[in-house]
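**Student:** Okay, here's the structure, questions in a sec.
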Amino acid sequence: MHIHPSPAAVRRQLAFHLSLLLIPSLLLSTGCGRSNQKRLPISATPGKAVSGKQFKVAVILSGSETDHGWNQDAVTAMQAVQQKLNLPAADVSIKEMATTPEEQKNNLEAYADLGYNVVIGHGEEYQAPALQMAPDYPNTMFVISSGDKVASNVAPIVFKLEDGAYLLGMLAGGMSKAGIVGSVGAQAIAPVKSVFTAFKLGAMAANPNIKVLDPVYTNDWEDVDKAKEATLPLIQEGADVIIQDLDSASQGVFNAVEQSSTPSHPVYALGTNNDQNSAAPGVVLASAPIYCTPVFESICQQVELGTFKPSVVPYGLPQGVIGFVINPALQAKIPASLLQKLTTAEAQIKSGSLKVPMAGE
Amino acid sequence: MTIVSLTMNLLVTSIAGATPLIYAATGELMVQRSGVVNVGIEGIMLMGAFIATVTTYFTHSPILGVFAAAFSGLILACLLAILTLKIGADQVVIGVVINLFSLGLTGTLYRILFSNKSAITHQLPMLFHSLPVMSLFTIPCVILVWWIMQHTRIGLEIKACGEQPDAADAAGINVILTRTLTLLFAGMLAGISGAYLSVGYTDTFAPAMTAGRGFIALAIVTAGRWNPWGCLAAALIFGFTDSLQFEGQALGLDSHYRSVLHTLHLYGIAGELNLTRLPYQLFLALPYVVTLLLLIGSSRKVAAPANLGRVWRRN
């Protein structure tokens with residue numbers, strides 16, 4: 001006969017087992033690689049030139065190198081740096097999926113120990129450990145994507161996506177027939193909120209009477225279905241141009257827009273962080289991509305020459321790090337006068353006569 | 001926007017959000033009635049979502065994608081059955097293993113296949129531009145499971161295996177076979193549920209896109225007291241609160257909240273507490289809070305199957 005344990009014992013056992021369910025969610029929680037802090041205006045003096053032989057560069061990523069977004073762009077940039085600086089493949093190293101703070105710190109330390117000249121931590125999460133260990137490794141330049149603090153050998157890269165978001169806002173304000181636009185984000189972290197604020201400013205510049213709905217957040221960078229569920233109510237509220245900051249999950253927004261758009265009532269979407277125009281060519285009007293290549297290249301080059309000076313000067317449209325790409329398939333839908341306005345504003349941002357504010361400014 | 005259209009939209013998005021939960025929960029309900037707890041449901045769904053996208057990508061047929069996803073669910077359920085029922089390994093541990101295995105395998109294959117191209121595929125049509133076709137099939141699915149469990153001999157056998165496997169065995173029921181078949185059926189439903197996420201409602205796969213829906217389905221089975229109609233109701237309530245919270249965010253309740261703060265002269269205090277904006281996390285937590293309340297409030301009269309989660313061996 002099979003002997004049954006008491007119900008209480010079974011429940012205790014089940015409770016223990018159910019706690020195992022938490023493991024996958026822990027494994028999934030990765031840093032998303034963006035800054036959430038106030039930027040400090042400090043700068044430092046240039047370091048000394050790299051004399052002699054080897055010049056080694058590494059990048060550490062908190063996520064997957066094939067995420068079609070933030071991390072994959074860094075990989076592309078590193079490959080470009082290798083070619084541009086004519087470095088042997090062995091001297092350019094990429095470490096992906098450093099998901100925990102321990103891994104991030106250990107990888108920074110390991111590359112510094114191996115004598116790498118430039119170690120890029122691709123996300124704000126690398127800043128605290130880098131600042132801590134930097135004095136022990138004076139010959140290594142720690143570069144922190146989306147960082148905000150400067151030391152003699154710690155340099156932040158401040159991406160000014162706001163430049164692109166402002167232009168997207170102008171486009172949205174000019175294209176919206178209903179006079180209502182909306183935004184969908186994953187998390188309300190500072191860089192995302194700042195992008196939506198710049199978008200709003202741009203929309204109001206093109207149409208002072210535009211109604212910009214409050215952003216809707218999903219709390220998930222991967223959940224495509226949830227992104228779609230979040231977009232539909234905005235469209236029902238009358239929004240006919242939608243900006244999003246969702247990376248992997250952005251297809252959900254595009255899908256909702258595609259489903260709701262009709263020839264008599266067109267609805268459009270906008271791309272950020274990447275050129276997402278081809279993801280839904282019928283509805284994505286334009287994208288504001290981040291290009292890591294020019295920053296990585298210029299920093300590595302300057303470090304090699306010994307002329308690099310860490311600073312918090314942002315990299316935006318004028319540096320070619322943020323772009324503004326109109327979807328060629330939909331360009332004909334944009335009135336010539338609006339295109340003209342966009343070209344003018346883009347030139348003004350590039351020349352510095354038009355300054356788009358960043359969060360906290 | 002009129003109240004009517006607002007209600008209609010809410011209803012449609014509620015159903016759309018509930019659909020994957022209904023498929024997954026009705027299958028899981030049968031499995032649990034047979035005395036097995038399939039914690040691997042999240043992983044099976046994720047695999048189904050991936051297989052559906054890959055199949056659709058290469059064949060351009062989302063219908064084939066759904067069938068392939070069901071088949072992948074069958075395979076994973078088979079693995080689960082061998083490990084838990086044949087070898088007698090712990091069901092929860094194996095379920096967690098299936099989840100991690102799926103997460104790793106789909107992530108790796110996604111990287112191999114779609115690292116340099118997009119995984120956007122065809123998708124199943126939407127009725128009236130908003131209601132996914134697959135949502136329609138949830139009703140026959142619930143009726144089928146209800147009919148099997150209440151009105152067929154096999155339903156009775158499944159319940160016997162979950163309550164008194166020894167008695168069932170003595171009565172000549174093949175306990176292991178019954179549990180295996182139930183698990184395979186539920187695996188197919190979980191696979192279909194995953195396919196809904198990637199080709200039924202949207203048109204692409206993203207790694208980890210199931211985002212915990214399998215675990216919600218487990219909660220829904222308990223909240224629905226192991227009854228198909230109960231599960232349907234619990235899933236719809238979850239779907240409804242989920243779309244309600246997005247509607248709340250889109251309606252700009254935040255600005256209303258701030259005007260209320262102003263009129264009540266509470267802005268200063270709210271500022272001290274860092275609450276000058278209505279935290280959107282409150283909205284996001286709503287469906288989960290409701291699920292918890294359902295779990296607490298659901299009737300104590302109906303107990304879980306007596307042998308749920310226990311390894312059974314024939315003496």
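Here's how to read the names in the structure tokens: chain A, B, ... by the order shown, residue numbers from 1 in each chain, ligand numbers from 1 in the order shown.
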Using only C-alpha atoms, find which residues of chain B lie within 8 Å of chain A and jot them down as a count of residues only.

**Tutor:** 42

**Student:** Got a sec to tell me which of range 116-165 of chain A DSSP assigns to strand (DSSP E or B), as a PyMOL selection string?

**Tutor:** chain A and resi 118-121+141-145+151+154-157+159

**Student:** Using only C-alpha atoms, which of B:Ala223, B:Ile112, B:Ile269, B:Ala306 sits nearest Leu292 in chain B?

**Tutor:**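 So, comparing all the options, the nearest one is B:Ala223.
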
**Student:** DSSP on the backbone: which residues in range 242-289 of chain A end up as alpha helix (DSSP H)? Give the answer as JSON, numbers by chain.

**Tutor:** {"A": [250, 251, 252, 253, 254, 255, 256, 257, 258, 259, 260]}

**Student:** Write a file of the selected residues as an mmCIF file, in the first residue's frame, keeping N, CA and C atoms.

**Tutor:**
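Saved to part20.cif:
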```
data_model
loop_
_atom_site.group_PDB
_atom_site.id
_atom_site.type_symbol
_atom_site.label_atom_id
_atom_site.label_comp_id
_atom_site.auth_asym_id
_atom_site.auth_seq_id
_atom_site.Cartn_x
_atom_site.Cartn_y
_atom_site.Cartn_z
ATOM 1 N N SER A 250 8.894 46.439 -29.349
ATOM 2 C CA SER A 250 8.286 47.519 -30.134
ATOM 3 C C SER A 250 7.381 47.000 -31.251
ATOM 4 N N GLN A 251 7.619 45.769 -31.705
ATOM 5 C CA GLN A 251 6.792 45.233 -32.786
ATOM 6 C C GLN A 251 5.310 45.208 -32.389
ATOM 7 N N GLY A 252 5.035 45.077 -31.091
ATOM 8 C CA GLY A 252 3.650 45.074 -30.625
ATOM 9 C C GLY A 252 2.958 46.392 -30.928
ATOM 10 N N VAL A 253 3.704 47.502 -30.779
ATOM 11 C CA VAL A 253 3.155 48.821 -31.091
ATOM 12 C C VAL A 253 2.884 48.914 -32.591
ATOM 13 N N PHE A 254 3.869 48.499 -33.386
ATOM 14 C CA PHE A 254 3.715 48.585 -34.844
ATOM 15 C C PHE A 254 2.515 47.755 -35.299
ATOM 16 N N ASN A 255 2.374 46.571 -34.666
ATOM 17 C CA ASN A 255 1.281 45.683 -35.039
ATOM 18 C C ASN A 255 -0.072 46.314 -34.724
ATOM 19 N N ALA A 256 -0.176 46.941 -33.562
ATOM 20 C CA ALA A 256 -1.427 47.601 -33.183
ATOM 21 C C ALA A 256 -1.738 48.737 -34.153
ATOM 22 N N VAL A 257 -0.702 49.474 -34.552
ATOM 23 C CA VAL A 257 -0.903 50.602 -35.464
ATOM 24 C C VAL A 257 -1.310 50.099 -36.847
ATOM 25 N N GLU A 258 -0.640 49.041 -37.316
ATOM 26 C CA GLU A 258 -0.969 48.462 -38.625
ATOM 27 C C GLU A 258 -2.435 48.027 -38.652
ATOM 28 N N GLN A 259 -2.857 47.405 -37.547
ATOM 29 C CA GLN A 259 -4.213 46.883 -37.456
ATOM 30 C C GLN A 259 -5.252 48.002 -37.456
ATOM 31 N N SER A 260 -4.886 49.166 -36.883
ATOM 32 C CA SER A 260 -5.861 50.239 -36.719
ATOM 33 C C SER A 260 -5.857 51.242 -37.861
#
```

**Student:** Contacts of Tyr288 in chain B at 9 Å or less, counting only C-alpha atoms, minus same-chain residues fewer than 2 places along, as a PyMOL selection string?

**Tutor:** chain B and resi 216+238+241-242+284-286+290-293

**Student:** Between A:Val195, A:Val150, A:Ala112, A:Leu85, which is the closest to Met133 in chain A once you count only C-alpha atoms?

**Tutor:**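 Going through A:Val195, A:Val150, A:Ala112, A:Leu85 one by one, the smallest distance to Met133 in chain A is for A:Ala112.
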